[in-house]
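Chemist: My structure file structure-v1.cif, mmCIF, C-alpha atoms, is below:
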```cif
data_coords
#
loop_
_atom_site.label_atom_id
_atom_site.label_comp_id
_atom_site.auth_asym_id
_atom_site.auth_seq_id
_atom_site.Cartn_x
_atom_site.Cartn_y
_atom_site.Cartn_z
CA MET A 105 -28.07 27.50 17.72
CA SER A 106 -27.69 23.84 16.77
CA ASP A 107 -24.52 21.83 17.26
CA PRO A 108 -22.91 21.35 13.80
CA ASP A 109 -21.39 18.01 14.85
CA HIS A 110 -24.79 16.76 16.02
CA ASP A 111 -26.37 18.04 12.82
CA ARG A 112 -23.89 15.98 10.80
CA ILE A 113 -24.70 12.89 12.84
CA VAL A 114 -28.43 13.43 12.21
CA GLU A 115 -27.71 13.85 8.51
CA ALA A 116 -25.68 10.63 8.58
CA ALA A 117 -28.56 8.76 10.24
CA HIS A 118 -30.93 9.95 7.51
CA ARG A 119 -28.46 8.79 4.88
CA LEU A 120 -28.43 5.34 6.46
CA VAL A 121 -32.25 5.23 6.28
CA GLN A 122 -31.95 6.13 2.58
CA GLY A 123 -29.71 3.10 2.02
CA ARG A 124 -26.43 5.01 1.74
CA LEU A 125 -23.03 4.38 3.32
CA VAL A 126 -21.66 6.17 6.38
CA ALA A 127 -18.23 5.65 7.93
CA PHE A 128 -18.18 6.34 11.65
CA PRO A 129 -15.79 6.03 14.60
CA THR A 130 -16.00 3.35 17.25
CA GLU A 131 -13.69 2.68 20.16
CA THR A 132 -12.16 -0.25 18.24
CA VAL A 133 -11.73 0.98 14.63
CA TYR A 134 -13.75 3.05 12.15
CA GLY A 135 -16.68 1.18 10.63
CA LEU A 136 -18.25 1.31 7.17
CA GLY A 137 -21.96 1.35 7.97
CA ALA A 138 -25.26 0.64 6.26
CA ASP A 139 -28.80 -0.18 7.38
CA ALA A 140 -28.49 -3.82 8.45
CA GLU A 141 -32.09 -4.57 7.34
CA ASN A 142 -31.59 -3.20 3.82
CA PRO A 143 -29.97 -5.89 1.64
CA MET A 144 -29.14 -3.44 -1.14
CA ALA A 145 -27.44 -1.08 1.30
CA VAL A 146 -25.43 -3.92 2.85
CA ALA A 147 -24.47 -5.03 -0.66
CA ARG A 148 -22.88 -1.59 -1.11
CA ILE A 149 -20.57 -2.37 1.82
CA TYR A 150 -19.46 -5.60 0.19
CA ALA A 151 -18.89 -3.84 -3.14
CA ALA A 152 -16.95 -0.93 -1.65
CA LYS A 153 -14.68 -3.21 0.39
CA GLN A 154 -14.43 -5.93 -2.27
CA ARG A 155 -15.49 -8.26 0.51
CA PRO A 156 -16.52 -11.89 -0.14
CA ALA A 157 -20.29 -12.26 0.15
CA ASN A 158 -19.99 -15.15 2.61
CA HIS A 159 -17.96 -13.09 5.11
CA PRO A 160 -20.33 -11.91 7.88
CA ILE A 161 -20.73 -8.32 9.07
CA ILE A 162 -21.28 -7.28 12.70
CA VAL A 163 -24.45 -5.32 13.49
CA HIS A 164 -23.99 -2.32 15.81
CA LEU A 165 -26.75 -1.32 18.23
CA ALA A 166 -27.37 1.72 20.41
CA PRO A 167 -27.30 1.11 24.19
CA ASP A 168 -31.08 1.62 24.39
CA THR A 169 -31.87 -0.77 21.52
CA ASP A 170 -33.33 -4.14 22.49
CA PRO A 171 -31.11 -6.88 21.03
CA ALA A 172 -34.06 -9.31 21.20
CA TYR A 173 -35.40 -7.80 17.95
CA TRP A 174 -32.40 -9.25 16.11
CA VAL A 175 -32.28 -12.80 17.46
CA THR A 176 -34.53 -15.75 18.18
CA ALA A 177 -33.76 -15.43 21.90
CA VAL A 178 -31.33 -13.68 24.21
CA PRO A 179 -30.09 -16.30 26.68
CA PRO A 180 -29.39 -15.24 30.29
CA LEU A 181 -25.66 -15.69 29.75
CA ALA A 182 -25.78 -13.20 26.87
CA ARG A 183 -27.58 -10.70 29.10
CA LYS A 184 -24.92 -11.19 31.74
CA LEU A 185 -22.13 -10.53 29.24
CA MET A 186 -23.94 -7.48 27.86
CA ALA A 187 -24.27 -6.09 31.37
CA ALA A 188 -20.55 -6.62 31.97
CA PHE A 189 -19.06 -5.46 28.65
CA TRP A 190 -21.61 -3.37 26.71
CA PRO A 191 -21.08 -0.71 25.59
CA GLY A 192 -17.64 -1.95 24.65
CA PRO A 193 -15.49 -4.10 22.35
CA LEU A 194 -17.39 -7.39 22.65
CA THR A 195 -19.39 -8.96 19.81
CA LEU A 196 -21.81 -11.76 20.65
CA ILE A 197 -22.86 -14.34 18.04
CA LEU A 198 -26.48 -15.40 18.56
CA PRO A 199 -29.17 -17.20 16.51
CA ARG A 200 -30.49 -14.74 13.91
CA ALA A 201 -34.19 -13.88 13.86
CA ALA A 202 -35.95 -14.91 10.64
CA ARG A 203 -37.00 -11.30 9.97
CA ILE A 204 -33.36 -10.22 9.61
CA PRO A 205 -31.86 -10.59 6.11
CA ASP A 206 -29.09 -13.16 6.02
CA VAL A 207 -26.86 -10.88 3.93
CA VAL A 208 -25.32 -9.51 7.15
CA SER A 209 -24.48 -13.05 8.26
CA GLY A 210 -22.92 -14.29 5.06
CA GLY A 211 -25.89 -16.61 4.60
CA GLN A 212 -25.66 -18.16 8.07
CA ASP A 213 -28.45 -18.50 10.62
CA SER A 214 -26.46 -16.62 13.25
CA ILE A 215 -25.75 -12.90 13.69
CA GLY A 216 -23.08 -10.85 15.42
CA LEU A 217 -24.24 -7.99 17.66
CA ARG A 218 -22.20 -5.28 19.34
CA CYS A 219 -22.86 -2.06 21.24
CA PRO A 220 -19.94 0.37 20.73
CA SER A 221 -18.92 2.87 23.42
CA HIS A 222 -17.73 5.75 21.22
CA PRO A 223 -20.06 8.75 21.78
CA VAL A 224 -20.33 9.56 18.06
CA ALA A 225 -21.28 5.95 17.27
CA GLN A 226 -23.81 5.87 20.11
CA THR A 227 -25.48 9.08 18.98
CA LEU A 228 -25.60 7.92 15.36
CA LEU A 229 -27.09 4.57 16.32
CA HIS A 230 -29.63 6.17 18.67
CA VAL A 231 -30.83 8.68 16.06
CA PHE A 232 -30.91 6.01 13.35
CA ALA A 233 -32.94 3.61 15.51
CA GLY A 234 -35.44 6.39 16.20
CA LEU A 235 -35.97 6.86 12.48
CA LYS A 236 -36.97 3.21 12.02
CA SER A 237 -40.63 2.35 12.50
CA HIS A 238 -39.87 -0.37 15.05
CA GLY A 239 -37.25 1.68 16.90
CA CYS A 240 -34.69 -1.15 16.91
CA GLY A 241 -32.54 -0.24 13.93
CA GLY A 242 -29.03 -1.59 13.71
CA VAL A 243 -26.09 -0.61 11.51
CA ALA A 244 -24.07 -3.30 9.76
CA ALA A 245 -20.47 -2.14 9.87
CA PRO A 246 -17.23 -3.96 9.17
CA SER A 247 -13.98 -2.00 9.35
CA ALA A 248 -13.87 0.87 6.84
CA ASN A 249 -11.03 -0.41 4.67
CA GLN A 250 -10.43 -2.59 1.66
CA PHE A 251 -10.94 -6.24 2.53
CA GLY A 252 -7.94 -7.90 4.16
CA GLN A 253 -6.02 -4.65 4.64
CA VAL A 254 -5.12 -2.69 7.76
CA SER A 255 -8.16 -1.34 9.59
CA PRO A 256 -8.60 2.44 9.98
CA THR A 257 -8.30 4.14 13.36
CA ARG A 258 -8.67 7.72 12.07
CA ALA A 259 -11.06 9.38 9.64
CA GLU A 260 -8.15 10.23 7.33
CA HIS A 261 -7.41 6.51 6.98
CA VAL A 262 -10.95 5.95 5.70
CA ARG A 263 -10.60 8.67 3.08
CA ARG A 264 -7.43 7.06 1.76
CA GLU A 265 -9.10 3.64 1.56
CA PHE A 266 -11.97 4.81 -0.66
CA PRO A 267 -10.63 7.56 -2.96
CA ASP A 268 -13.21 6.70 -5.63
CA LEU A 269 -16.20 7.33 -3.34
CA ASP A 270 -17.21 10.99 -3.19
CA ALA A 271 -19.03 12.70 -0.33
CA GLN A 272 -22.39 11.77 -1.82
CA SER A 273 -21.49 8.08 -1.95
CA LEU A 274 -19.78 7.93 1.45
CA MET A 275 -20.22 10.29 4.38
CA ILE A 276 -17.40 10.12 6.94
CA LEU A 277 -18.02 11.18 10.53
CA GLU A 278 -15.04 12.47 12.48
CA GLY A 279 -14.41 11.10 15.94
CA GLY A 280 -10.71 11.34 16.66
CA GLU A 281 -8.44 8.34 17.04
CA SER A 282 -9.96 5.00 18.03
CA GLU A 283 -9.17 4.29 21.66
CA VAL A 284 -8.80 0.48 21.56
CA GLY A 285 -7.26 0.28 18.11
CA ILE A 286 -8.03 -3.35 17.22
CA GLU A 287 -11.35 -5.01 16.49
CA SER A 288 -13.77 -6.39 19.05
CA THR A 289 -13.56 -9.77 20.72
CA ILE A 290 -16.09 -12.17 19.15
CA LEU A 291 -17.75 -14.78 21.37
CA ASP A 292 -20.09 -17.41 19.95
CA LEU A 293 -23.23 -18.10 22.03
CA SER A 294 -25.31 -19.34 19.10
CA ARG A 295 -25.02 -23.02 20.01
CA LEU A 296 -25.70 -23.00 23.73
CA ASP A 297 -28.93 -24.96 23.18
CA GLN A 298 -26.80 -27.64 21.48
CA GLY A 299 -24.59 -27.96 24.52
CA VAL A 300 -21.69 -26.04 22.94
CA ALA A 301 -19.89 -23.84 25.45
CA PRO A 302 -19.23 -20.15 24.77
CA THR A 303 -16.53 -20.15 22.09
CA LEU A 304 -13.93 -17.48 21.42
CA LEU A 305 -13.90 -16.91 17.65
CA ARG A 306 -11.72 -13.79 17.59
CA PRO A 307 -9.70 -12.26 20.43
CA GLY A 308 -9.79 -8.50 20.70
CA GLY A 309 -10.36 -5.69 23.15
CA ILE A 310 -11.79 -8.03 25.82
CA SER A 311 -9.40 -10.76 26.96
CA SER A 312 -10.18 -14.41 27.64
CA LEU A 313 -9.47 -13.82 31.33
CA GLN A 314 -11.98 -10.98 31.44
CA LEU A 315 -14.56 -13.22 29.80
CA ALA A 316 -13.76 -16.00 32.27
CA ASP A 317 -14.58 -13.66 35.15
CA VAL A 318 -18.16 -13.56 33.86
CA LEU A 319 -18.43 -17.03 32.30
CA GLY A 320 -16.87 -18.84 35.25
CA ASP A 321 -14.41 -20.55 32.93
CA LEU A 322 -12.25 -19.75 29.93
CA PRO A 323 -14.15 -19.75 26.63
CA ALA A 324 -13.71 -22.75 24.34
CA GLN A 325 -11.54 -22.60 21.23
CA PRO A 326 -13.12 -22.66 17.75
CA ASP A 327 -14.24 -25.99 16.33
CA ALA A 328 -15.01 -27.04 12.76
CA ALA A 329 -18.72 -26.24 13.16
CA ALA A 330 -18.21 -22.74 14.54
CA PRO A 331 -19.88 -19.89 12.62
CA ARG A 332 -17.80 -17.85 10.20
CA VAL A 333 -17.07 -14.41 11.64
CA SER A 334 -15.39 -11.17 10.64
CA GLY A 335 -11.60 -11.17 10.58
CA SER A 336 -11.18 -14.91 11.04
CA LEU A 337 -9.35 -15.71 7.80
CA LYS A 338 -5.77 -16.92 8.16
CA ALA A 339 -4.42 -13.91 6.24
CA HIS A 340 -5.94 -10.57 7.21
CA TYR A 341 -5.16 -7.09 8.64
CA ALA A 342 -2.15 -6.86 6.31
CA PRO A 343 -0.16 -3.79 5.27
CA ARG A 344 0.98 -3.48 1.67
CA THR A 345 4.63 -3.84 2.66
CA PRO A 346 5.79 -7.45 3.23
CA LEU A 347 5.67 -8.20 6.95
CA SER A 348 7.21 -10.93 9.07
CA LEU A 349 7.55 -11.77 12.77
CA VAL A 350 10.68 -12.57 14.76
CA SER A 351 11.34 -13.49 18.36
CA ALA A 352 13.25 -11.38 20.89
CA GLU A 353 15.98 -14.04 20.78
CA THR A 354 16.37 -13.56 17.03
CA LEU A 355 16.65 -9.82 17.52
CA ARG A 356 19.43 -10.35 20.02
CA ALA A 357 21.18 -12.60 17.52
CA TRP A 358 20.94 -9.88 14.89
CA ARG A 359 22.41 -7.41 17.31
CA HIS A 360 25.43 -9.63 17.85
CA HIS A 361 25.51 -10.76 14.18
CA SER A 362 25.36 -14.38 15.33
CA ALA A 363 22.28 -15.35 13.33
CA PRO A 364 22.68 -16.85 9.85
CA SER A 365 23.15 -14.00 7.40
CA SER A 366 20.03 -14.92 5.40
CA SER A 367 17.79 -14.36 8.43
CA ARG A 368 19.13 -10.98 9.43
CA PRO A 369 17.22 -7.87 8.38
CA GLU A 370 20.28 -6.46 6.63
CA ALA A 371 20.68 -9.62 4.49
CA ASP A 372 19.85 -7.63 1.36
CA ALA A 373 21.80 -4.39 1.68
CA SER A 374 19.70 -2.76 -1.03
CA GLN A 375 16.56 -2.95 1.11
CA ARG A 376 15.27 -0.59 3.77
CA VAL A 377 13.82 -2.52 6.68
CA ALA A 378 11.75 -1.28 9.61
CA VAL A 379 12.09 -3.48 12.67
CA VAL A 380 9.39 -2.82 15.27
CA VAL A 381 10.70 -3.62 18.76
CA LEU A 382 9.02 -3.52 22.15
CA GLY A 383 9.94 -0.82 24.61
CA ALA A 384 13.49 0.03 23.57
CA ALA A 385 16.02 -0.54 20.82
CA PRO A 386 18.17 -3.66 21.37
CA GLY A 387 21.34 -1.79 20.37
CA PRO A 388 22.81 -0.01 17.34
CA ALA A 389 20.76 -0.72 14.21
CA PRO A 390 22.38 -2.79 11.46
CA GLU A 391 22.98 -1.01 8.16
CA GLY A 392 19.74 -0.42 6.27
CA VAL A 393 17.62 -1.10 9.35
CA ASP A 394 15.55 1.36 11.37
CA TRP A 395 14.46 0.38 14.85
CA VAL A 396 10.87 1.50 15.43
CA ILE A 397 9.92 1.57 19.09
CA ALA A 398 6.46 0.28 19.99
CA PRO A 399 4.87 0.32 23.47
CA ASP A 400 5.56 -2.71 25.64
CA ASP A 401 2.09 -2.39 27.21
CA PRO A 402 -0.53 -4.49 25.35
CA ALA A 403 -3.31 -1.88 25.43
CA ALA A 404 -0.98 0.89 24.27
CA TYR A 405 0.46 -1.38 21.55
CA ALA A 406 -3.02 -2.27 20.26
CA HIS A 407 -3.98 1.41 20.19
CA ARG A 408 -0.87 2.21 18.12
CA LEU A 409 -0.63 -0.87 15.87
CA TYR A 410 -2.73 -0.07 12.80
CA ALA A 411 -1.70 3.57 12.54
CA LEU A 412 1.94 2.48 12.82
CA LEU A 413 1.57 -0.08 10.02
CA ARG A 414 0.04 2.61 7.82
CA GLU A 415 2.90 4.99 8.61
CA LEU A 416 5.48 2.33 7.74
CA ASP A 417 3.65 1.58 4.48
CA ALA A 418 3.79 5.26 3.58
CA ALA A 419 7.49 5.53 4.50
CA GLY A 420 8.49 3.28 1.59
CA TYR A 421 10.20 0.45 3.46
CA ASP A 422 10.87 -2.76 1.57
CA ARG A 423 10.13 -4.94 4.60
CA ILE A 424 8.51 -4.64 8.00
CA VAL A 425 9.68 -6.94 10.77
CA LEU A 426 7.75 -7.11 14.05
CA GLN A 427 9.11 -8.46 17.30
CA ARG A 428 6.68 -11.03 18.63
CA PRO A 429 5.02 -9.81 21.83
CA PRO A 430 4.78 -12.12 24.87
CA LEU A 431 2.43 -15.08 24.59
CA GLU A 432 0.28 -13.88 27.46
CA PRO A 433 -3.53 -13.46 27.67
CA ALA A 434 -3.28 -9.66 27.67
CA TRP A 435 -1.48 -9.80 24.30
CA GLN A 436 -3.92 -12.29 22.74
CA GLY A 437 -5.72 -9.79 20.49
CA VAL A 438 -2.49 -8.17 19.29
CA ASN A 439 -0.84 -11.52 18.58
CA ASP A 440 -3.91 -12.60 16.60
CA ARG A 441 -3.79 -9.50 14.40
CA ILE A 442 -0.07 -9.49 13.66
CA GLY A 443 -0.09 -13.24 13.09
CA ARG A 444 -2.77 -12.89 10.42
CA ALA A 445 -0.96 -9.90 8.91
CA ALA A 446 2.23 -11.93 8.58
CA ALA A 447 0.30 -14.90 7.13
CA ALA A 448 -0.61 -12.73 4.14
CA PHE A 449 3.05 -12.89 3.06
CA GLU A 450 3.82 -16.54 3.79
CA GLY A 451 4.35 -19.17 1.15
#
```
Using the file provided, produce a representation of the structure as structure tokens.

Modeler:
Amino acid sequence: MSDPDHDRIVEAAHRLVQGRLVAFPTETVYGLGADAENPMAVARIYAAKQRPANHPIIVHLAPDTDPAYWVTAVPPLARKLMAAFWPGPLTLILPRAARIPDVVSGGQDSIGLRCPSHPVAQTLLHVFAGLKSHGCGGVAAPSANQFGQVSPTRAEHVRREFPDLDAQSLMILEGGESEVGIESTILDLSRLDQGVAPTLLRPGGISSLQLADVLGDLPAQPDAAAPRVSGSLKAHYAPRTPLSLVSAETLRAWRHHSAPSSSRPEADASQRVAVVVLGAAPGPAPEGVDWVIAPDDPAAYAHRLYALLRELDAAGYDRIVLQRPPLEPAWQGVNDRIGRAAAAFEG
């Protein structure tokens, strides 16, 4: 008797070959996938997400797929990073091979490659690659949500994001809750031949310190000539409820009512405010305020973040206030995401 879950994955792989969309789990977030070599299929991703056409999409590969098919060359440093972090939450930006349509790169001559560790994703990618004549198929897959919104970490989140797409238009593979919970780290290696050092374009599940253990030094910060990459806009990853960030010191001031009244969460008594704090409540909640306890461990916080934002959206709060986590390397990915989420409501 065949495994029904495996049968669904095989069906999903065939759908990808046919140019259709498949949402699938990865260890970071759920992705909205299409055949990366089929421009019309990739265009369906952009249309479904309402994503700007110049915003690149990461290509996902099975562990046994040769990344050299997708790029002009795989430098030794890239091989070293792949050996250290693949499968896992690291995307490498490399020079795109001419045979690969530039639609996945937003028109750029670079491409982002990743090998996810989730078993459902790996099986899907392996079966899909085997259906391609060259055996090196890759799946273009940004997060399976409307552009700029909170990424999905459960299959049910994906269903809510695309209520207008029926099962024929979008197949959704179940895979439980995403383990990491925020998107992959993106490291640019596309300009090594120009003397540009490895450049961190988006922090994520792999920290700068972990990269430095392999690189021998911390990655460089983005410069004006760096490639555009997924999730790098100032405002991104935002819930629908207005969100802001406050320091632990400000929270303590609220607790003792010593902050200016306009800055306290209970300033407008008609509003319901959720204040997300690290580890434990700072004291009795002011009127109209609910303390929401988040893990004070960075990995646990990242795993919880997007689902929590969705829950607070659904709870009908007027405002969400997040306590800023520590400015430490382990919190880099989390701080990047919540900073961009808050930026969506600035100005």

Chemist: Using only C-alpha atoms, which residue out of A:Ala385, A:Val377, A:Leu165, A:Ala342 lies closest to Gly420 in chain A?

Modeler: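 That would be A:Val377, the residue with the smallest distance to Gly420 in chain A.
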
Chemist: Rank A:His238, A:Arg414, A:Arg344, A:Arg306 by their smallest atom-to-atom distance to His261 in chain A, using all atoms listed in the file, and report the top residue only.

Modeler: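 Closest to His261 in chain A of all the choices is A:Arg414.
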
Chemist: Using the chain letters and numbering of this document, enumerate as a PDB file with C-alpha atoms, in the coordinates of the input the residues selected by the PyMOL selection byres ((chain A and resi 293) around 8).

Modeler:
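And here is the file that came out, out26.pdb:
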```pdb
ATOM      1  CA  ALA A 182     -25.780 -13.200  26.870  1.00  0.00           C
ATOM      2  CA  LEU A 196     -21.810 -11.760  20.650  1.00  0.00           C
ATOM      3  CA  ILE A 197     -22.860 -14.340  18.040  1.00  0.00           C
ATOM      4  CA  LEU A 198     -26.480 -15.400  18.560  1.00  0.00           C
ATOM      5  CA  LEU A 291     -17.750 -14.780  21.370  1.00  0.00           C
ATOM      6  CA  ASP A 292     -20.090 -17.410  19.950  1.00  0.00           C
ATOM      7  CA  SER A 294     -25.310 -19.340  19.100  1.00  0.00           C
ATOM      8  CA  ARG A 295     -25.020 -23.020  20.010  1.00  0.00           C
ATOM      9  CA  LEU A 296     -25.700 -23.000  23.730  1.00  0.00           C
ATOM     10  CA  ALA A 301     -19.890 -23.840  25.450  1.00  0.00           C
ATOM     11  CA  PRO A 302     -19.230 -20.150  24.770  1.00  0.00           C
ATOM     12  CA  THR A 303     -16.530 -20.150  22.090  1.00  0.00           C
TER      13      THR A 303
END
```

Chemist: Evaluated on this file, the PyMOL selection byres ((chain A and resi 226) around 10) picks out some residues - which ones are they, written as a PyMOL selection string?

Modeler: chain A and resi 129-130+164-168+191+219-225+227-232

Chemist: Using all atoms listed in the file, which of the listed residues (A:Leu313, A:Cys240, A:Leu337, A:Val396) sits closest to Asp170 in chain A?

Modeler: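 Closest to Asp170 in chain A, using all atoms listed in the file: A:Cys240.
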
Chemist: Using all atoms listed in the file for the distances, tell me which of A:Leu304, A:Ala447, A:Ala187, A:Ala352 is nearest to Val379 in chain A.

Modeler: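 Using all atoms listed in the file, the shortest distance to Val379 in chain A belongs to A:Ala352.
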
Chemist: Let me make sure I understand: among A:Gly234, A:Gly123, A:Pro246, A:Pro433, which one has the smallest atom-to-atom distance to Gln154 in chain A if we use all atoms listed in the file?

Modeler: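 For Gln154 in chain A, the nearest of the given residues is A:Pro246.
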
Chemist: Calculated over all atoms listed in the file, which of the candidates A:Ala147, A:Ser247, A:Ser273, A:Ser311 has the smallest distance to Trp435 in chain A?

Modeler: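 Smallest separation from Trp435 in chain A among the options: A:Ser311.
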
Chemist: Quote the spacing between CA of Ala140 in chain A and CA of Glu281 in chain A in Å to one decimal place.

Modeler: 25.0 Å
